[in-house]
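A.B. asks: Data file protein_30.cif (mmCIF, C-alpha atoms and all ligand atoms) is appended below.
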data_entry
#
loop_
_atom_site.group_PDB
_atom_site.id
_atom_site.type_symbol
_atom_site.label_atom_id
_atom_site.label_comp_id
_atom_site.auth_asym_id
_atom_site.auth_seq_id
_atom_site.Cartn_x
_atom_site.Cartn_y
_atom_site.Cartn_z
ATOM 1 C CA MET A 4 137.855 27.821 163.030
ATOM 2 C CA ARG A 5 141.324 26.350 162.896
ATOM 3 C CA ASN A 6 141.405 24.040 159.941
ATOM 4 C CA GLU A 7 144.357 21.763 160.547
ATOM 5 C CA ILE A 8 143.941 18.241 159.297
ATOM 6 C CA LEU A 9 144.532 15.696 162.005
ATOM 7 C CA THR A 10 145.423 12.120 161.265
ATOM 8 C CA MET A 11 142.624 9.831 162.247
ATOM 9 C CA ASN A 12 144.187 7.300 164.563
ATOM 10 C CA THR A 13 142.481 5.600 167.449
ATOM 11 C CA PRO A 14 140.941 8.520 169.345
ATOM 12 C CA LEU A 15 142.669 9.375 172.605
ATOM 13 C CA ILE A 16 139.268 9.573 174.262
ATOM 14 C CA SER A 17 135.891 8.537 173.021
ATOM 15 C CA ALA A 18 132.429 8.235 174.475
ATOM 16 C CA GLN A 19 130.195 5.978 172.416
ATOM 17 C CA ALA A 20 126.426 5.579 172.352
ATOM 18 C CA ILE A 21 126.045 7.151 175.765
ATOM 19 C CA GLU A 22 122.615 6.944 177.379
ATOM 20 C CA LYS A 23 121.833 8.605 180.662
ATOM 21 C CA SER A 24 118.545 9.367 182.395
ATOM 22 C CA TYR A 25 117.748 11.121 185.630
ATOM 23 C CA ALA A 26 114.883 10.141 187.876
ATOM 24 C CA LYS A 27 112.301 12.861 188.380
ATOM 25 C CA GLY A 28 109.820 11.519 190.895
ATOM 26 C CA GLN A 29 108.478 8.316 189.332
ATOM 27 C CA MET A 30 109.535 9.418 185.843
ATOM 28 C CA LYS A 31 112.816 8.761 184.099
ATOM 29 C CA VAL A 32 113.934 11.786 182.137
ATOM 30 C CA PRO A 33 116.377 10.887 179.369
ATOM 31 C CA VAL A 34 119.214 13.386 178.991
ATOM 32 C CA LEU A 35 121.615 11.547 176.694
ATOM 33 C CA ARG A 36 120.147 9.223 174.067
ATOM 34 C CA GLY A 37 123.098 7.667 172.315
ATOM 35 C CA ALA A 38 125.460 10.636 172.293
ATOM 36 C CA GLY A 39 128.996 10.019 171.073
ATOM 37 C CA LEU A 40 132.046 12.227 171.259
ATOM 38 C CA THR A 41 135.690 11.639 170.399
ATOM 39 C CA ALA A 42 138.908 13.590 170.579
ATOM 40 C CA GLN A 43 142.129 12.721 168.821
ATOM 41 C CA ARG A 44 145.390 13.273 170.690
ATOM 42 C CA GLY A 45 146.253 16.963 170.422
ATOM 43 C CA GLU A 46 142.799 17.997 169.306
ATOM 44 C CA LEU A 47 140.721 20.868 170.697
ATOM 45 C CA VAL A 48 137.059 19.954 170.369
ATOM 46 C CA SER A 49 134.138 22.075 171.450
ATOM 47 C CA VAL A 50 130.699 20.809 172.322
ATOM 48 C CA ILE A 51 127.894 23.283 171.856
ATOM 49 C CA GLY A 52 124.244 22.998 172.797
ATOM 50 C CA GLN A 53 121.466 24.796 174.594
ATOM 51 C CA SER A 54 121.273 24.967 178.346
ATOM 52 C CA GLY A 55 119.921 21.656 179.619
ATOM 53 C CA SER A 56 120.944 19.742 176.477
ATOM 54 C CA GLY A 57 123.231 17.447 178.471
ATOM 55 C CA LYS A 58 126.650 18.965 177.752
ATOM 56 C CA SER A 59 127.859 18.812 181.347
ATOM 57 C CA THR A 60 126.469 15.309 181.765
ATOM 58 C CA LEU A 61 128.359 14.110 178.675
ATOM 59 C CA LEU A 62 131.586 15.750 179.857
ATOM 60 C CA HIS A 63 131.198 14.196 183.320
ATOM 61 C CA VAL A 64 130.639 10.747 181.816
ATOM 62 C CA MET A 65 133.706 11.179 179.598
ATOM 63 C CA GLY A 66 135.852 12.194 182.582
ATOM 64 C CA LEU A 67 134.550 9.416 184.857
ATOM 65 C CA LEU A 68 132.856 11.870 187.207
ATOM 66 C CA ASP A 69 129.593 10.124 186.364
ATOM 67 C CA SER A 70 128.599 6.726 184.944
ATOM 68 C CA PRO A 71 126.478 6.168 181.855
ATOM 69 C CA ASP A 72 123.366 3.939 181.959
ATOM 70 C CA ASN A 73 124.489 2.531 178.629
ATOM 71 C CA GLY A 74 127.407 3.096 176.292
ATOM 72 C CA GLU A 75 131.168 3.015 176.656
ATOM 73 C CA VAL A 76 134.027 5.372 177.358
ATOM 74 C CA MET A 77 137.302 4.399 175.719
ATOM 75 C CA LEU A 78 140.762 5.782 176.494
ATOM 76 C CA ASP A 79 143.297 5.030 173.766
ATOM 77 C CA GLY A 80 141.063 2.200 172.565
ATOM 78 C CA ARG A 81 140.546 0.622 175.984
ATOM 79 C CA ARG A 82 137.280 0.683 177.840
ATOM 80 C CA ILE A 83 137.477 2.648 181.110
ATOM 81 C CA ASP A 84 133.919 3.306 182.295
ATOM 82 C CA ASN A 85 133.461 -0.218 183.654
ATOM 83 C CA LEU A 86 136.684 -0.391 185.680
ATOM 84 C CA SER A 87 136.729 -0.717 189.458
ATOM 85 C CA PRO A 88 136.101 2.471 191.454
ATOM 86 C CA ALA A 89 139.780 2.535 192.482
ATOM 87 C CA ALA A 90 140.988 2.275 188.884
ATOM 88 C CA ARG A 91 138.527 4.948 187.840
ATOM 89 C CA ASP A 92 139.814 7.224 190.624
ATOM 90 C CA GLN A 93 143.359 6.700 189.407
ATOM 91 C CA LEU A 94 142.448 7.590 185.842
ATOM 92 C CA ARG A 95 140.374 10.567 186.929
ATOM 93 C CA ASN A 96 143.300 11.969 188.889
ATOM 94 C CA HIS A 97 146.074 11.158 186.430
ATOM 95 C CA VAL A 98 144.580 11.329 182.947
ATOM 96 C CA PHE A 99 141.920 14.022 183.216
ATOM 97 C CA GLY A 100 142.086 17.629 184.301
ATOM 98 C CA PHE A 101 138.880 19.553 184.871
ATOM 99 C CA ILE A 102 137.956 23.198 184.810
ATOM 100 C CA PHE A 103 134.488 24.571 185.484
ATOM 101 C CA GLN A 104 132.485 27.743 185.003
ATOM 102 C CA PHE A 105 132.815 28.749 188.654
ATOM 103 C CA TYR A 106 136.512 27.881 189.208
ATOM 104 C CA HIS A 107 135.986 26.025 192.521
ATOM 105 C CA LEU A 108 139.175 27.357 194.097
ATOM 106 C CA LEU A 109 139.362 26.873 197.864
ATOM 107 C CA PRO A 110 138.777 30.331 199.402
ATOM 108 C CA GLU A 111 141.001 29.841 202.464
ATOM 109 C CA LEU A 112 144.089 28.882 200.454
ATOM 110 C CA THR A 113 146.394 31.156 198.480
ATOM 111 C CA LEU A 114 146.562 30.679 194.727
ATOM 112 C CA LEU A 115 149.877 28.838 195.063
ATOM 113 C CA GLU A 116 148.400 26.515 197.702
ATOM 114 C CA ASN A 117 145.334 25.909 195.530
ATOM 115 C CA VAL A 118 147.584 24.819 192.672
ATOM 116 C CA MET A 119 149.662 22.590 194.955
ATOM 117 C CA ALA A 120 146.569 21.021 196.535
ATOM 118 C CA PRO A 121 145.955 18.167 194.024
ATOM 119 C CA LEU A 122 149.469 16.820 194.621
ATOM 120 C CA MET A 123 149.186 17.287 198.398
ATOM 121 C CA ILE A 124 146.088 15.134 198.298
ATOM 122 C CA ARG A 125 147.701 12.561 196.040
ATOM 123 C CA HIS A 126 150.783 11.950 198.185
ATOM 124 C CA SER A 127 150.657 10.741 201.751
ATOM 125 C CA PHE A 128 151.439 13.506 204.228
ATOM 126 C CA LEU A 129 154.992 12.262 204.633
ATOM 127 C CA GLY A 130 155.417 11.857 200.889
ATOM 128 C CA PHE A 131 154.198 15.384 200.338
ATOM 129 C CA TRP A 132 156.473 16.748 203.061
ATOM 130 C CA ARG A 133 159.478 15.169 201.364
ATOM 131 C CA GLN A 134 158.514 16.561 197.973
ATOM 132 C CA ARG A 135 157.068 19.901 199.015
ATOM 133 C CA LYS A 136 159.889 22.008 197.540
ATOM 134 C CA GLN A 137 159.595 20.250 194.215
ATOM 135 C CA VAL A 138 155.792 20.564 194.208
ATOM 136 C CA ARG A 139 156.060 24.247 195.080
ATOM 137 C CA THR A 140 158.522 24.869 192.241
ATOM 138 C CA GLN A 141 156.276 22.995 189.844
ATOM 139 C CA ALA A 142 153.246 25.051 190.927
ATOM 140 C CA GLN A 143 155.207 28.282 190.569
ATOM 141 C CA GLU A 144 156.274 27.337 187.047
ATOM 142 C CA ILE A 145 152.735 26.527 185.994
ATOM 143 C CA LEU A 146 151.414 29.778 187.467
ATOM 144 C CA GLN A 147 154.091 31.591 185.498
ATOM 145 C CA GLN A 148 152.997 29.752 182.361
ATOM 146 C CA VAL A 149 149.437 31.083 182.754
ATOM 147 C CA GLY A 150 150.670 34.594 183.584
ATOM 148 C CA LEU A 151 149.932 34.610 187.309
ATOM 149 C CA ASP A 152 153.381 34.742 188.863
ATOM 150 C CA HIS A 153 152.461 38.093 190.469
ATOM 151 C CA ARG A 154 149.374 36.639 192.177
ATOM 152 C CA MET A 155 150.718 33.539 193.932
ATOM 153 C CA LYS A 156 150.199 34.784 197.494
ATOM 154 C CA HIS A 157 146.689 36.108 196.823
ATOM 155 C CA ARG A 158 143.513 34.392 197.949
ATOM 156 C CA PRO A 159 140.759 33.788 195.388
ATOM 157 C CA SER A 160 138.661 36.686 196.779
ATOM 158 C CA GLU A 161 141.504 39.028 195.786
ATOM 159 C CA LEU A 162 141.563 37.839 192.173
ATOM 160 C CA SER A 163 139.514 38.786 189.111
ATOM 161 C CA GLY A 164 137.318 36.199 187.385
ATOM 162 C CA GLY A 165 139.873 35.733 184.610
ATOM 163 C CA GLU A 166 142.664 35.275 187.130
ATOM 164 C CA MET A 167 140.614 32.724 189.072
ATOM 165 C CA GLN A 168 139.963 30.768 185.901
ATOM 166 C CA ARG A 169 143.657 30.835 184.934
ATOM 167 C CA GLY A 170 144.372 29.673 188.492
ATOM 168 C CA ALA A 171 141.919 26.827 188.003
ATOM 169 C CA ILE A 172 143.676 25.919 184.747
ATOM 170 C CA ALA A 173 147.010 25.877 186.602
ATOM 171 C CA ARG A 174 145.528 23.629 189.292
ATOM 172 C CA ALA A 175 144.286 21.250 186.597
ATOM 173 C CA LEU A 176 147.706 21.187 184.927
ATOM 174 C CA ILE A 177 149.823 20.343 187.960
ATOM 175 C CA ALA A 178 148.810 16.688 187.756
ATOM 176 C CA LYS A 179 150.021 16.671 184.115
ATOM 177 C CA PRO A 180 146.744 15.487 182.593
ATOM 178 C CA GLU A 181 146.557 14.133 179.063
ATOM 179 C CA ILE A 182 143.075 15.509 178.554
ATOM 180 C CA LEU A 183 141.619 18.754 179.837
ATOM 181 C CA LEU A 184 137.832 18.766 180.178
ATOM 182 C CA ALA A 185 136.483 22.301 180.362
ATOM 183 C CA ASP A 186 132.843 22.972 181.246
ATOM 184 C CA GLU A 187 131.822 26.502 180.153
ATOM 185 C CA PRO A 188 135.272 27.888 181.054
ATOM 186 C CA THR A 189 134.317 31.367 179.823
ATOM 187 C CA GLY A 190 130.675 31.198 180.937
ATOM 188 C CA ASN A 191 131.074 33.545 183.886
ATOM 189 C CA LEU A 192 133.432 36.033 182.204
ATOM 190 C CA ASP A 193 132.978 39.138 180.045
ATOM 191 C CA ALA A 194 133.802 38.741 176.350
ATOM 192 C CA SER A 195 137.348 40.102 176.448
ATOM 193 C CA THR A 196 138.337 38.099 179.552
ATOM 194 C CA GLY A 197 136.738 35.064 177.924
ATOM 195 C CA ARG A 198 139.002 35.600 174.918
ATOM 196 C CA GLU A 199 142.045 35.675 177.220
ATOM 197 C CA ILE A 200 141.020 32.332 178.696
ATOM 198 C CA MET A 201 140.512 30.908 175.208
ATOM 199 C CA ASP A 202 143.957 32.228 174.217
ATOM 200 C CA THR A 203 145.432 30.428 177.234
ATOM 201 C CA LEU A 204 143.671 27.169 176.311
ATOM 202 C CA ILE A 205 144.687 27.437 172.636
ATOM 203 C CA ARG A 206 148.294 28.097 173.626
ATOM 204 C CA LEU A 207 148.283 25.006 175.888
ATOM 205 C CA ASN A 208 146.782 22.976 173.070
ATOM 206 C CA GLU A 209 149.342 24.192 170.533
ATOM 207 C CA ASP A 210 152.488 24.344 172.656
ATOM 208 C CA SER A 211 151.960 21.381 174.975
ATOM 209 C CA LYS A 212 149.731 19.348 172.601
ATOM 210 C CA LEU A 213 147.202 19.118 175.399
ATOM 211 C CA THR A 214 143.983 17.467 174.231
ATOM 212 C CA ILE A 215 141.020 19.629 175.218
ATOM 213 C CA VAL A 216 137.291 18.943 175.178
ATOM 214 C CA MET A 217 135.398 22.102 175.947
ATOM 215 C CA VAL A 218 131.696 22.615 176.505
ATOM 216 C CA THR A 219 130.131 25.987 175.755
ATOM 217 C CA HIS A 220 126.853 27.567 174.720
ATOM 218 C CA ASP A 221 128.739 30.425 173.010
ATOM 219 C CA GLU A 222 129.175 30.042 169.220
ATOM 220 C CA ALA A 223 132.108 32.483 169.076
ATOM 221 C CA VAL A 224 133.982 30.546 171.747
ATOM 222 C CA ALA A 225 133.170 27.211 170.112
ATOM 223 C CA GLN A 226 134.472 28.428 166.732
ATOM 224 C CA GLN A 227 138.024 28.595 168.084
ATOM 225 C CA ALA A 228 138.295 24.817 168.337
ATOM 226 C CA HIS A 229 139.546 22.451 165.626
ATOM 227 C CA ARG A 230 136.113 20.916 165.500
ATOM 228 C CA ILE A 231 132.647 21.636 166.853
ATOM 229 C CA VAL A 232 130.081 19.037 167.791
ATOM 230 C CA ARG A 233 126.509 19.979 168.556
ATOM 231 C CA LEU A 234 124.416 18.315 171.219
ATOM 232 C CA ALA A 235 120.665 18.373 170.719
ATOM 233 C CA GLU A 236 117.967 16.036 171.927
ATOM 234 C CA GLY A 237 120.556 13.908 173.645
ATOM 235 C CA ARG A 238 122.510 13.166 170.495
ATOM 236 C CA ILE A 239 125.484 14.652 168.678
ATOM 237 C CA ALA A 240 125.264 16.147 165.215
ATOM 238 C CA THR A 241 128.723 16.876 163.806
ATOM 239 C CA LEU A 242 129.099 20.092 161.834
ATOM 240 C CA GLY A 243 131.418 20.222 158.861
ATOM 241 C CA HIS A 244 134.047 22.959 158.790
ATOM 242 C CA GLU A 245 132.122 24.754 156.007
ATOM 243 C CA GLU A 246 128.967 24.865 158.030
ATOM 244 C CA ALA A 247 130.768 25.917 161.182
ATOM 245 C CA ALA A 248 132.999 28.546 159.610
HETATM 246 P P1 LIG B 301 123.862 21.400 180.135
HETATM 247 O O1 LIG B 301 125.225 21.297 180.709
HETATM 248 O O2 LIG B 301 123.836 21.244 178.643
HETATM 249 O O3 LIG B 301 123.166 22.666 180.532
HETATM 250 P P2 LIG B 301 123.230 19.223 181.928
HETATM 251 O O4 LIG B 301 124.022 18.068 181.478
HETATM 252 O O5 LIG B 301 123.715 19.973 183.099
HETATM 253 O O6 LIG B 301 122.981 20.200 180.685
HETATM 254 O O7 LIG B 301 121.751 18.761 182.272
HETATM 255 C C1 LIG B 301 120.910 18.134 181.333
HETATM 256 C C2 LIG B 301 119.572 17.841 181.965
HETATM 257 O O8 LIG B 301 119.738 16.878 183.004
HETATM 258 C C3 LIG B 301 118.910 19.043 182.594
HETATM 259 O O9 LIG B 301 117.527 18.975 182.359
HETATM 260 C C4 LIG B 301 119.216 18.890 184.065
HETATM 261 O O10 LIG B 301 118.209 19.455 184.844
HETATM 262 C C5 LIG B 301 119.250 17.376 184.233
HETATM 263 N N1 LIG B 301 120.186 16.969 185.298
HETATM 264 C C6 LIG B 301 121.528 17.171 185.289
HETATM 265 N N2 LIG B 301 122.104 16.642 186.386
HETATM 266 C C7 LIG B 301 121.094 16.105 187.112
HETATM 267 C C8 LIG B 301 121.039 15.392 188.363
HETATM 268 N N3 LIG B 301 122.143 15.137 189.081
HETATM 269 N N4 LIG B 301 119.819 14.972 188.789
HETATM 270 C C9 LIG B 301 118.704 15.213 188.069
HETATM 271 N N5 LIG B 301 118.701 15.860 186.893
HETATM 272 C C10 LIG B 301 119.857 16.304 186.418
HETATM 273 MG MG MG B 302 126.283 22.564 181.922
#
Please go through the file and, once you have read it, give me the structure as structure tokens.
C.D. replies:
Amino acid sequence: MRNEILTMNTPLISAQAIEKSYAKGQMKVPVLRGAGLTAQRGELVSVIGQSGSGKSTLLHVMGLLDSPDNGEVMLDGRRIDNLSPAARDQLRNHVFGFIFQFYHLLPELTLLENVMAPLMIRHSFLGFWRQRKQVRTQAQEILQQVGLDHRMKHRPSELSGGEMQRGAIARALIAKPEILLADEPTGNLDASTGREIMDTLIRLNEDSKLTIVMVTHDEAVAQQAHRIVRLAEGRIATLGHEEAA
């Protein structure tokens, strides 16, 4: 556990009193029952909980991939979950970066093209064509940063799990997000590759002050964050450093 003391300003991102149910036939099954989660700017927070405890749901609500039934999501003190769909799209694409357990790289594209893709989609075709050299250089630099400069021309099927996940991190970074949301980023990797991914995330957090909220069911992975929050029965119980250490 990294024990730095962070100043408690307005959180960069906060989800407050989040409630969310899913319909199962005629029944409503509550998943989140007032869960709250915050991250200060520059913080690395991990969320731990059993499978099915609602970790992914909470992360999706925080990153505007899903809407809560009740509760609020605040960015820098301003409410964002109730904005128009267009404004939410903008925030999702500019403020948040996402990585997932299963990478979700496009199999028919090279690694370099996968990393360039978010900006290709963002610009109009003409806009992209004008900026393609710049976008390519940017993608190459980010791939270098995550140690994949020797894999740029490879397709995902030619990469190891760790390389695919570092590629997914690079793809998330090209849009220069303020907050990286990571859902079980080491969940599909062996322990030593998982540690490499954690090292990459910690380096990004320390060097680039990237704010990271990471979901995991693995205590050892969770321990590497500044702070751990536990999700159980749809609510968060914060652990002190003593208890978590
Ligand atoms: P975790 O990530 O902690 O494993 P999830 O947030 O994925 O948990 O899921 C929490 C609960 O909500 C699970 O019981 C899951 O089956 C249910 N659930 C998640 N997404 C949906 C959905 N789209 N429709 C119905 N039920 C869902
Ligand atoms: Mg999950």
A.B. asks: Sort by chain and increasing residue number a table of all residues of chain A within 9 Å of ligand MG 302 (chain B), each with its closest pair of atoms and their distance in Å to one decimal, counting all atoms listed in the file, and write it as a tab-separated table.
C.D. replies:
residue	atom	partner	partner_atom	distance
A:Ser54	CA	B:MG302	MG	6.6
A:Gly55	CA	B:MG302	MG	6.8
A:Ser56	CA	B:MG302	MG	8.1
A:Gly57	CA	B:MG302	MG	6.9
A:Lys58	CA	B:MG302	MG	5.5
A:Ser59	CA	B:MG302	MG	4.1
A:Thr60	CA	B:MG302	MG	7.3
A:Leu62	CA	B:MG302	MG	8.9
A:Gln104	CA	B:MG302	MG	8.6
A:Asp186	CA	B:MG302	MG	6.6
A:Glu187	CA	B:MG302	MG	7.0
A:Val218	CA	B:MG302	MG	7.7
A:Thr219	CA	B:MG302	MG	8.0
A:His220	CA	B:MG302	MG	8.8
A.B. asks: Would you give the centre and edge lengths, in Å to one decimal, of a box along x, y and z around the listed atoms of ligand LIG 301 (chain B), with 4 Å added to each side, as JSON?
C.D. replies:
{"center_x": 121.4, "center_y": 18.8, "center_z": 183.9, "size_x": 15.7, "size_y": 15.7, "size_z": 18.4}
A.B. asks: Kindly provide, as a PyMOL selection string, all nucleotide and amino acid residues lying within 12 Å of ligand LIG 301 (chain B), counting all atoms listed in the file.
C.D. replies: chain A and resi 22-28+30-36+38+50-64+68-70+103-104+185-187+190+217-221+233-238
A.B. asks: For atom CA of Ser87 of chain A and atom CA of Glu46 of chain A, determine how far apart the two atoms are, in Å to one decimal place.
C.D. replies: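 So the two atoms, atom CA of Ser87 of chain A and atom CA of Glu46 of chain A, lie 28.2 Å apart.
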A.B. asks: Expressed in Å to a single decimal, how great is the separation between atom CA of Arg81 of chain A and atom CA of Phe101 of chain A?
C.D. replies: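 Distance reported for this atom pair: 21.0 Å.
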A.B. asks: Got a sec to resolve the PyMOL selection byres (((chain A and resi 162) around 12) and not hetatm) on this structure and send the residues as a list in words?
C.D. replies: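 Against this file, the PyMOL selection byres (((chain A and resi 162) around 12) and not hetatm) returns the residues Tyr106, Leu108, Pro110, Thr113, Leu114, Leu151, His153, Arg154, Met155, Lys156, His157, Arg158, Pro159, Ser160, Glu161, Ser163, Gly164, Gly165, Glu166, Met167, Gln168, Arg169, Gly170 and Ala171 of chain A.
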A.B. asks: What do you get, as a ChimeraX atom specification, if you spell out every residue that the PyMOL selection byres (((chain A and resi 71-80) around 6) and not hetatm) selects here?
C.D. replies: /A:15-23,70,81-84
A.B. asks: With only C-alpha atoms as the basis for distance, which of A:Phe99, A:Leu207, A:Asn85, A:Met119 is at the shortest distance from Glu181 of chain A?
C.D. replies: A:Phe99
A.B. asks: In the coordinates of the file, take the point (143.9, 12.8, 175.2) and a cut-off of 12 Å; then, counting all atoms listed in the file, name each qualifying protein, DNA or RNA residue as JSON, numbers by chain.
C.D. replies: {"A": [12, 13, 14, 15, 16, 17, 41, 42, 43, 44, 45, 46, 47, 48, 65, 66, 77, 78, 79, 80, 94, 97, 98, 99, 100, 179, 180, 181, 182, 183, 184, 208, 211, 212, 213, 214, 215, 216]}
A.B. asks: Keeping C-alpha atoms, export the residues of the selection given above as an mmCIF file, in the coordinates of the input.
C.D. replies:
data_model
loop_
_atom_site.group_PDB
_atom_site.id
_atom_site.type_symbol
_atom_site.label_atom_id
_atom_site.label_comp_id
_atom_site.auth_asym_id
_atom_site.auth_seq_id
_atom_site.Cartn_x
_atom_site.Cartn_y
_atom_site.Cartn_z
ATOM 1 C CA ASN A 12 144.187 7.300 164.563
ATOM 2 C CA THR A 13 142.481 5.600 167.449
ATOM 3 C CA PRO A 14 140.941 8.520 169.345
ATOM 4 C CA LEU A 15 142.669 9.375 172.605
ATOM 5 C CA ILE A 16 139.268 9.573 174.262
ATOM 6 C CA SER A 17 135.891 8.537 173.021
ATOM 7 C CA THR A 41 135.690 11.639 170.399
ATOM 8 C CA ALA A 42 138.908 13.590 170.579
ATOM 9 C CA GLN A 43 142.129 12.721 168.821
ATOM 10 C CA ARG A 44 145.390 13.273 170.690
ATOM 11 C CA GLY A 45 146.253 16.963 170.422
ATOM 12 C CA GLU A 46 142.799 17.997 169.306
ATOM 13 C CA LEU A 47 140.721 20.868 170.697
ATOM 14 C CA VAL A 48 137.059 19.954 170.369
ATOM 15 C CA MET A 65 133.706 11.179 179.598
ATOM 16 C CA GLY A 66 135.852 12.194 182.582
ATOM 17 C CA MET A 77 137.302 4.399 175.719
ATOM 18 C CA LEU A 78 140.762 5.782 176.494
ATOM 19 C CA ASP A 79 143.297 5.030 173.766
ATOM 20 C CA GLY A 80 141.063 2.200 172.565
ATOM 21 C CA LEU A 94 142.448 7.590 185.842
ATOM 22 C CA HIS A 97 146.074 11.158 186.430
ATOM 23 C CA VAL A 98 144.580 11.329 182.947
ATOM 24 C CA PHE A 99 141.920 14.022 183.216
ATOM 25 C CA GLY A 100 142.086 17.629 184.301
ATOM 26 C CA LYS A 179 150.021 16.671 184.115
ATOM 27 C CA PRO A 180 146.744 15.487 182.593
ATOM 28 C CA GLU A 181 146.557 14.133 179.063
ATOM 29 C CA ILE A 182 143.075 15.509 178.554
ATOM 30 C CA LEU A 183 141.619 18.754 179.837
ATOM 31 C CA LEU A 184 137.832 18.766 180.178
ATOM 32 C CA ASN A 208 146.782 22.976 173.070
ATOM 33 C CA SER A 211 151.960 21.381 174.975
ATOM 34 C CA LYS A 212 149.731 19.348 172.601
ATOM 35 C CA LEU A 213 147.202 19.118 175.399
ATOM 36 C CA THR A 214 143.983 17.467 174.231
ATOM 37 C CA ILE A 215 141.020 19.629 175.218
ATOM 38 C CA VAL A 216 137.291 18.943 175.178
#
A.B. asks: Select, from A:Ala120, A:Ala194, A:Ala240, A:Leu146, the residue with the minimum atom-to-atom distance to Leu40 of chain A, counting all atoms listed in the file.
C.D. replies: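 With all atoms listed in the file as the atom set, the closest residue is A:Ala240.
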A.B. asks: Would you mind telling me which residue in A:Gly37, A:Pro88, A:Gly197, A:Pro121 lies nearest to Leu176 of chain A when using all atoms listed in the file?
C.D. replies: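 Looking at the shortest contact to Leu176 of chain A, the residue is A:Pro121.
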A.B. asks: I'd like to see the residues matched by the PyMOL selection byres (((chain A and resi 138-140) around 9) and not hetatm) on this file, and ideally I'd get them as a list in words.
C.D. replies: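 What the PyMOL selection byres (((chain A and resi 138-140) around 9) and not hetatm) grabs from the file is Leu115, Glu116, Val118, Met119, Leu122, Met123, Phe131, Gln134, Arg135, Lys136, Gln137, Gln141, Ala142, Gln143, Glu144, Ile145 and Ile177 of chain A.
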A.B. asks: As an exercise, work out the distance from atom CA of Gly150 of chain A to atom CA of Ala173 of chain A in Å and give it to one decimal place.
C.D. replies: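 Between atom CA of Gly150 of chain A and atom CA of Ala173 of chain A the gap works out to 9.9 Å.
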A.B. asks: Of the residues A:Leu67, A:Ser127, A:Leu112, A:His107, which is the one nearest to Asp92 of chain A, using all atoms listed in the file?
C.D. replies: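 Closest to Asp92 of chain A of all the choices is A:Leu67.
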A.B. asks: Segment 198-242 of chain A from the block above, C-alpha atoms, as a PDB file, in the first residue's frame, please?
C.D. replies:
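Written output follows (part.pdb):
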ATOM      1  CA  ARG A 198       2.435  -7.245 -12.031  1.00  0.00           C
ATOM      2  CA  GLU A 199       3.873  -5.768 -15.243  1.00  0.00           C
ATOM      3  CA  ILE A 200       0.500  -4.227 -16.052  1.00  0.00           C
ATOM      4  CA  MET A 201       0.242  -2.847 -12.520  1.00  0.00           C
ATOM      5  CA  ASP A 202       3.768  -1.420 -12.869  1.00  0.00           C
ATOM      6  CA  THR A 203       2.672   0.303 -16.085  1.00  0.00           C
ATOM      7  CA  LEU A 204      -0.431   1.755 -14.400  1.00  0.00           C
ATOM      8  CA  ILE A 205       1.536   2.897 -11.329  1.00  0.00           C
ATOM      9  CA  ARG A 206       4.140   4.550 -13.546  1.00  0.00           C
ATOM     10  CA  LEU A 207       1.394   6.411 -15.458  1.00  0.00           C
ATOM     11  CA  ASN A 208      -0.146   7.474 -12.170  1.00  0.00           C
ATOM     12  CA  GLU A 209       3.167   8.697 -10.759  1.00  0.00           C
ATOM     13  CA  ASP A 210       4.781  10.217 -13.844  1.00  0.00           C
ATOM     14  CA  SER A 211       1.750  11.639 -15.639  1.00  0.00           C
ATOM     15  CA  LYS A 212      -0.420  12.151 -12.514  1.00  0.00           C
ATOM     16  CA  LEU A 213      -3.132  10.169 -14.244  1.00  0.00           C
ATOM     17  CA  THR A 214      -6.081   9.535 -11.931  1.00  0.00           C
ATOM     18  CA  ILE A 215      -6.951   5.838 -11.970  1.00  0.00           C
ATOM     19  CA  VAL A 216      -9.939   3.948 -10.599  1.00  0.00           C
ATOM     20  CA  MET A 217      -9.348   0.243 -10.870  1.00  0.00           C
ATOM     21  CA  VAL A 218     -11.695  -2.629 -10.146  1.00  0.00           C
ATOM     22  CA  THR A 219     -10.285  -5.997  -9.122  1.00  0.00           C
ATOM     23  CA  HIS A 220     -11.155  -9.089  -7.123  1.00  0.00           C
ATOM     24  CA  ASP A 221      -7.450  -9.671  -6.360  1.00  0.00           C
ATOM     25  CA  GLU A 222      -6.279  -8.399  -2.938  1.00  0.00           C
ATOM     26  CA  ALA A 223      -2.606  -8.290  -3.976  1.00  0.00           C
ATOM     27  CA  VAL A 224      -3.419  -6.144  -6.999  1.00  0.00           C
ATOM     28  CA  ALA A 225      -5.713  -3.891  -4.970  1.00  0.00           C
ATOM     29  CA  GLN A 226      -3.005  -3.323  -2.335  1.00  0.00           C
ATOM     30  CA  GLN A 227      -0.875  -1.408  -4.840  1.00  0.00           C
ATOM     31  CA  ALA A 228      -3.290   1.520  -4.925  1.00  0.00           C
ATOM     32  CA  HIS A 229      -3.210   4.586  -2.665  1.00  0.00           C
ATOM     33  CA  ARG A 230      -6.538   3.534  -1.261  1.00  0.00           C
ATOM     34  CA  ILE A 231      -8.822   0.512  -1.376  1.00  0.00           C
ATOM     35  CA  VAL A 232     -12.588   0.609  -1.198  1.00  0.00           C
ATOM     36  CA  ARG A 233     -14.621  -2.536  -0.740  1.00  0.00           C
ATOM     37  CA  LEU A 234     -17.954  -3.149  -2.401  1.00  0.00           C
ATOM     38  CA  ALA A 235     -20.323  -5.518  -0.641  1.00  0.00           C
ATOM     39  CA  GLU A 236     -24.083  -5.751  -0.686  1.00  0.00           C
ATOM     40  CA  GLY A 237     -24.253  -2.825  -3.051  1.00  0.00           C
ATOM     41  CA  ARG A 238     -22.478  -0.427  -0.729  1.00  0.00           C
ATOM     42  CA  ILE A 239     -18.916   0.728  -0.154  1.00  0.00           C
ATOM     43  CA  ALA A 240     -17.034   0.125   3.067  1.00  0.00           C
ATOM     44  CA  THR A 241     -13.769   2.078   3.142  1.00  0.00           C
ATOM     45  CA  LEU A 242     -10.776   0.305   4.649  1.00  0.00           C
TER      46      LEU A 242
END
